[in-house]
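Text of the file target.cif, holding mmCIF, C-alpha atoms:
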```cif
data_data
#
loop_
_atom_site.label_atom_id
_atom_site.label_comp_id
_atom_site.auth_asym_id
_atom_site.auth_seq_id
_atom_site.Cartn_x
_atom_site.Cartn_y
_atom_site.Cartn_z
CA MET G 1 26.51 -6.77 -11.56
CA ALA G 2 28.69 -4.54 -9.38
CA LEU G 3 27.22 -1.41 -10.95
CA PHE G 4 23.71 -2.78 -10.43
CA SER G 5 24.48 -3.45 -6.75
CA ARG G 6 25.81 0.08 -6.25
CA GLU G 7 22.66 1.55 -7.79
CA LYS G 8 20.46 -0.57 -5.54
CA THR G 9 22.24 0.69 -2.44
CA LYS G 10 22.12 4.39 -3.35
CA MET G 11 19.09 6.43 -2.27
CA ILE G 12 17.21 8.00 -5.16
CA ASP G 13 16.71 11.77 -5.29
CA SER G 14 13.17 13.01 -4.74
CA GLU G 15 13.14 14.55 -8.23
CA ARG G 16 13.76 11.12 -9.79
CA ALA G 17 11.30 9.14 -7.64
CA LEU G 18 8.24 7.52 -9.18
CA PRO G 19 4.99 9.56 -8.99
CA GLY G 20 2.92 6.88 -7.26
CA ARG G 21 -0.85 7.07 -6.97
CA ASP G 22 -3.69 8.46 -4.87
CA ARG G 23 -5.39 5.13 -4.21
CA GLU G 24 -4.30 3.10 -1.18
CA MET G 25 -3.47 -0.57 -1.53
CA PRO G 26 -6.47 -2.66 -0.42
CA VAL G 27 -5.71 -4.89 2.57
CA PRO G 28 -7.72 -7.46 4.55
CA GLU G 29 -9.93 -6.02 7.25
CA ARG G 30 -8.41 -8.18 9.98
CA HIS G 31 -5.04 -9.62 10.96
CA TYR G 32 -4.64 -13.20 9.73
CA VAL G 33 -3.17 -14.35 13.07
CA LEU G 34 -4.47 -11.99 15.74
CA GLY G 35 -7.93 -11.29 14.29
CA THR G 36 -7.59 -7.58 15.03
CA PRO G 37 -8.06 -4.67 12.57
CA LEU G 38 -5.15 -3.83 10.29
CA LYS G 39 -6.20 -0.20 9.92
CA PRO G 40 -7.18 2.51 12.41
CA PRO G 41 -9.00 3.57 14.41
CA PHE G 42 -7.25 1.47 17.04
CA PRO G 43 -8.39 1.32 20.68
CA ALA G 44 -7.98 4.54 22.62
CA GLY G 45 -4.66 4.79 24.43
CA PHE G 46 -2.89 2.17 22.31
CA GLU G 47 0.51 3.15 20.90
CA THR G 48 2.12 2.65 17.49
CA ALA G 49 5.59 2.49 15.97
CA VAL G 50 7.08 1.78 12.55
CA PHE G 51 10.27 -0.25 12.11
CA GLY G 52 12.34 -1.33 9.11
CA MET G 53 14.72 -4.25 9.61
CA GLY G 54 15.10 -6.00 6.28
CA CYS G 55 12.51 -8.15 4.53
CA PHE G 56 9.20 -7.26 6.16
CA TRP G 57 7.83 -10.81 6.09
CA GLY G 58 10.05 -12.04 8.88
CA ALA G 59 10.12 -8.69 10.65
CA GLU G 60 6.35 -8.63 11.02
CA ARG G 61 6.28 -12.09 12.59
CA LYS G 62 8.74 -11.00 15.28
CA PHE G 63 6.24 -8.39 16.45
CA TRP G 64 2.93 -10.23 16.11
CA GLU G 65 4.40 -12.99 18.33
CA ALA G 66 5.26 -10.49 21.09
CA ASP G 67 3.13 -10.19 24.23
CA GLY G 68 0.94 -7.11 24.36
CA VAL G 69 0.95 -6.44 20.62
CA TYR G 70 -2.55 -5.69 19.34
CA THR G 71 -1.92 -5.76 15.59
CA THR G 72 0.77 -5.51 12.93
CA ALA G 73 0.87 -4.68 9.24
CA VAL G 74 3.59 -4.43 6.62
CA GLY G 75 4.10 -1.48 4.37
CA TYR G 76 6.47 1.12 2.99
CA ALA G 77 7.83 4.31 4.54
CA GLY G 78 10.75 6.71 4.45
CA GLY G 79 10.58 7.54 0.74
CA TYR G 80 8.85 9.86 -1.67
CA THR G 81 6.32 7.88 -3.71
CA PRO G 82 2.72 7.82 -2.38
CA ASN G 83 1.09 4.37 -2.23
CA PRO G 84 3.89 2.54 -4.04
CA SER G 85 3.70 -1.04 -5.25
CA TYR G 86 6.08 -3.76 -4.08
CA GLU G 87 7.75 -3.86 -7.48
CA GLU G 88 8.28 -0.10 -7.42
CA VAL G 89 9.85 -0.22 -3.96
CA CYS G 90 12.12 -3.10 -4.95
CA SER G 91 13.29 -1.13 -7.98
CA GLY G 92 14.84 1.45 -5.67
CA SER G 93 12.85 4.18 -7.41
CA THR G 94 10.64 5.24 -4.49
CA GLY G 95 13.11 5.72 -1.64
CA HIS G 96 10.99 3.63 0.70
CA ALA G 97 12.06 0.97 3.18
CA GLU G 98 10.08 -2.19 3.84
CA VAL G 99 8.59 -1.58 7.28
CA VAL G 100 6.26 -2.98 9.93
CA LEU G 101 3.54 -0.99 11.68
CA VAL G 102 3.20 -2.22 15.27
CA VAL G 103 0.29 -1.38 17.58
CA TRP G 104 0.41 -2.36 21.26
CA ASP G 105 -1.39 -2.02 24.56
CA PRO G 106 0.82 0.10 26.87
CA GLN G 107 -0.76 -1.63 29.87
CA LYS G 108 0.80 -4.89 28.69
CA THR G 109 4.07 -3.89 27.02
CA SER G 110 6.12 -0.82 26.15
CA TYR G 111 7.98 1.10 23.47
CA ASP G 112 11.23 0.01 25.13
CA GLU G 113 10.21 -3.61 24.59
CA MET G 114 9.40 -2.91 20.93
CA LEU G 115 12.84 -1.34 20.55
CA ARG G 116 14.47 -4.39 22.14
CA ILE G 117 12.74 -6.70 19.65
CA PHE G 118 13.79 -4.40 16.83
CA TRP G 119 17.48 -4.26 17.74
CA GLU G 120 17.86 -7.95 18.57
CA SER G 121 16.08 -9.22 15.46
CA HIS G 122 18.44 -7.85 12.81
CA ASP G 123 21.95 -6.51 12.23
CA PRO G 124 21.66 -2.69 12.19
CA THR G 125 25.24 -2.17 11.02
CA GLN G 126 24.81 -3.35 7.43
CA GLY G 127 23.71 -0.14 5.71
CA MET G 128 21.55 -0.69 2.65
CA ARG G 129 21.18 -4.41 3.11
CA GLN G 130 20.20 -7.16 5.53
CA GLY G 131 22.06 -10.39 4.98
CA ASN G 132 21.69 -11.46 1.37
CA ASP G 133 18.94 -8.89 0.75
CA VAL G 134 20.59 -5.88 -0.88
CA GLY G 135 18.94 -2.55 -1.62
CA THR G 136 17.72 0.67 -0.04
CA GLN G 137 14.40 -0.99 0.87
CA TYR G 138 16.23 -3.27 3.32
CA ARG G 139 17.84 -0.52 5.40
CA SER G 140 17.38 -0.35 9.17
CA THR G 141 14.88 2.33 10.21
CA ILE G 142 12.96 3.65 13.20
CA TYR G 143 10.16 5.98 12.15
CA LEU G 144 8.68 7.86 15.08
CA SER G 145 4.91 7.82 15.47
CA ASP G 146 5.07 10.45 18.22
CA PRO G 147 7.74 13.00 19.23
CA SER G 148 7.80 11.43 22.70
CA GLN G 149 9.49 8.35 21.18
CA ALA G 150 12.58 10.26 20.04
CA ASP G 151 14.56 10.19 23.30
CA ALA G 152 13.95 6.47 23.87
CA ALA G 153 14.90 5.62 20.28
CA GLU G 154 18.11 7.67 20.37
CA LYS G 155 19.10 6.30 23.78
CA SER G 156 18.52 2.73 22.63
CA LEU G 157 20.72 3.34 19.59
CA ARG G 158 23.57 4.61 21.77
CA LEU G 159 23.29 1.77 24.27
CA TYR G 160 23.05 -0.94 21.65
CA GLY G 161 25.79 0.67 19.59
CA ASP G 162 28.12 0.35 22.56
CA LYS G 163 27.19 -3.30 23.04
CA LEU G 164 27.75 -4.05 19.34
CA ALA G 165 31.11 -2.29 19.36
CA GLN G 166 32.20 -4.41 22.32
CA ALA G 167 31.23 -7.47 20.29
CA GLY G 168 33.31 -6.33 17.30
CA TYR G 169 30.56 -4.93 15.09
CA GLY G 170 30.76 -1.68 13.15
CA GLU G 171 28.75 1.49 13.59
CA ILE G 172 24.95 1.36 13.57
CA SER G 173 23.45 2.71 10.33
CA THR G 174 19.83 2.85 11.53
CA GLU G 175 17.83 5.82 10.30
CA ILE G 176 15.65 7.56 12.92
CA LYS G 177 13.10 10.01 11.52
CA ALA G 178 9.75 11.56 12.36
CA ASP G 179 6.81 12.41 10.09
CA GLN G 180 7.25 9.53 7.65
CA PRO G 181 3.91 8.44 6.13
CA PHE G 182 3.17 4.71 6.30
CA TYR G 183 1.71 3.12 3.14
CA TYR G 184 0.17 -0.34 3.45
CA ALA G 185 1.70 -3.07 1.30
CA GLU G 186 -0.41 -5.33 -0.91
CA ASP G 187 -2.73 -7.82 0.78
CA TYR G 188 -0.62 -10.88 -0.06
CA HIS G 189 2.28 -9.46 1.95
CA GLN G 190 0.25 -9.05 5.14
CA GLN G 191 1.16 -11.79 7.66
CA TYR G 192 2.91 -13.58 4.81
CA LEU G 193 4.72 -16.17 6.92
CA ALA G 194 1.51 -17.21 8.67
CA LYS G 195 -0.07 -17.89 5.28
CA ASN G 196 3.15 -19.42 3.89
CA PRO G 197 4.89 -21.21 6.81
CA ASN G 198 7.78 -22.33 4.62
CA GLY G 199 8.22 -18.92 3.04
CA TYR G 200 11.44 -16.96 2.92
CA CYS G 201 12.59 -15.21 6.10
CA GLY G 202 15.84 -13.27 5.90
CA ILE G 203 15.64 -11.92 9.44
CA GLY G 204 18.55 -12.72 11.74
CA GLY G 205 20.02 -10.90 14.71
CA THR G 206 23.59 -10.43 15.88
CA GLY G 207 23.16 -12.44 19.06
CA VAL G 208 24.02 -9.35 21.11
CA SER G 209 21.45 -8.57 23.81
CA CYS G 210 19.97 -5.09 23.88
CA PRO G 211 20.00 -3.21 27.23
CA VAL G 212 16.98 -1.08 26.39
CA GLY G 213 15.21 0.31 29.45
CA LEU G 214 18.24 -0.24 31.70
CA THR G 215 20.48 2.40 33.18
CA ALA G 216 23.45 3.05 30.91
#
```
Give the structure from this file in structure tokens form.
Amino acid sequence: MALFSREKTKMIDSERALPGRDREMPVPERHYVLGTPLKPPFPAGFETAVFGMGCFWGAERKFWEADGVYTTAVGYAGGYTPNPSYEEVCSGSTGHAEVVLVVWDPQKTSYDEMLRIFWESHDPTQGMRQGNDVGTQYRSTIYLSDPSQADAAEKSLRLYGDKLAQAGYGEISTEIKADQPFYYAEDYHQQYLAKNPNGYCGIGGTGVSCPVGLTA
């Protein structure tokens, strides 16, 4: 069991990753809760971001409940395998994290607010796990949809890292990267907790408030 756990928490090399497929996973046309499209094109001027914070079922709900969010979808990003299946991602053989695509109206909310929700909704110091969920697919990630997001993401990490350290937590392990393709997850994963209200949700924050958007 210990060996199995170590393998699950070690990123696979690109040469060993599964080959994947050309065909995208089919998903519903519209969001089960918000009624908005799951796929682009999105309204002109709207902004997007991709976050990984553990099991994507609970993570997605955090964002679709937020004011100003237009739509959300769950998927996979940060790995090597094109259009992977859930089982392939969970095997640790694709390199992907479970992630949430978030689309919002910048007239109603902001990237800083999305970052606040991200930081406060999970424990970003746990490495390749989130609570009892262990594996590379549960790692904490911020994948940049636009280069302009880089400074805000890095600043938020520094600010929240200081707050966590003051509260006795370890170093943040969140991965921040650009140019990471987003692959939609299977249709039954989309808005899972709205369809299954008693379903599993492993999302839980540290209780430490995030000072995103404030002067350091």
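Going from CA of Gly35 (chain G) over to CA of Tyr86 (chain G), you cover 24.3 Å.
Between Pro211 (chain G) and the candidates G:Asp112, G:Ile176, G:Val50, G:Asp151, the tightest atom-to-atom separation, counting all atoms listed in the file, involves G:Asp112.
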### Query
How would you write, as a ChimeraX atom specification, the residues chosen by the PyMOL selection byres ((chain G and resi 163) around 12) on this structure?
/G:119-120,156-162,164-172,206-212,216
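The smallest atom-to-atom distance between Tyr188 (chain G) and any of G:Ala59, G:Ala17, G:Glu65, G:Ser85, using all atoms listed in the file, is found for G:Ser85.
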### Query
So which residues get picked by the PyMOL selection byres ((chain G and resi 122-124) around 9) here, written as a PyMOL selection string?
chain G and resi 53-54+59+117-121+125-127+130-131+139-141+171-174+203-206
Would you write out those residues with C-alpha atoms, as an mmCIF file, in the frame of the given file?
```
data_model
loop_
_atom_site.group_PDB
_atom_site.id
_atom_site.type_symbol
_atom_site.label_atom_id
_atom_site.label_comp_id
_atom_site.auth_asym_id
_atom_site.auth_seq_id
_atom_site.Cartn_x
_atom_site.Cartn_y
_atom_site.Cartn_z
ATOM 1 C CA MET G 53 14.720 -4.250 9.610
ATOM 2 C CA GLY G 54 15.100 -6.000 6.280
ATOM 3 C CA ALA G 59 10.120 -8.690 10.650
ATOM 4 C CA ILE G 117 12.740 -6.700 19.650
ATOM 5 C CA PHE G 118 13.790 -4.400 16.830
ATOM 6 C CA TRP G 119 17.480 -4.260 17.740
ATOM 7 C CA GLU G 120 17.860 -7.950 18.570
ATOM 8 C CA SER G 121 16.080 -9.220 15.460
ATOM 9 C CA THR G 125 25.240 -2.170 11.020
ATOM 10 C CA GLN G 126 24.810 -3.350 7.430
ATOM 11 C CA GLY G 127 23.710 -0.140 5.710
ATOM 12 C CA GLN G 130 20.200 -7.160 5.530
ATOM 13 C CA GLY G 131 22.060 -10.390 4.980
ATOM 14 C CA ARG G 139 17.840 -0.520 5.400
ATOM 15 C CA SER G 140 17.380 -0.350 9.170
ATOM 16 C CA THR G 141 14.880 2.330 10.210
ATOM 17 C CA GLU G 171 28.750 1.490 13.590
ATOM 18 C CA ILE G 172 24.950 1.360 13.570
ATOM 19 C CA SER G 173 23.450 2.710 10.330
ATOM 20 C CA THR G 174 19.830 2.850 11.530
ATOM 21 C CA ILE G 203 15.640 -11.920 9.440
ATOM 22 C CA GLY G 204 18.550 -12.720 11.740
ATOM 23 C CA GLY G 205 20.020 -10.900 14.710
ATOM 24 C CA THR G 206 23.590 -10.430 15.880
#
```
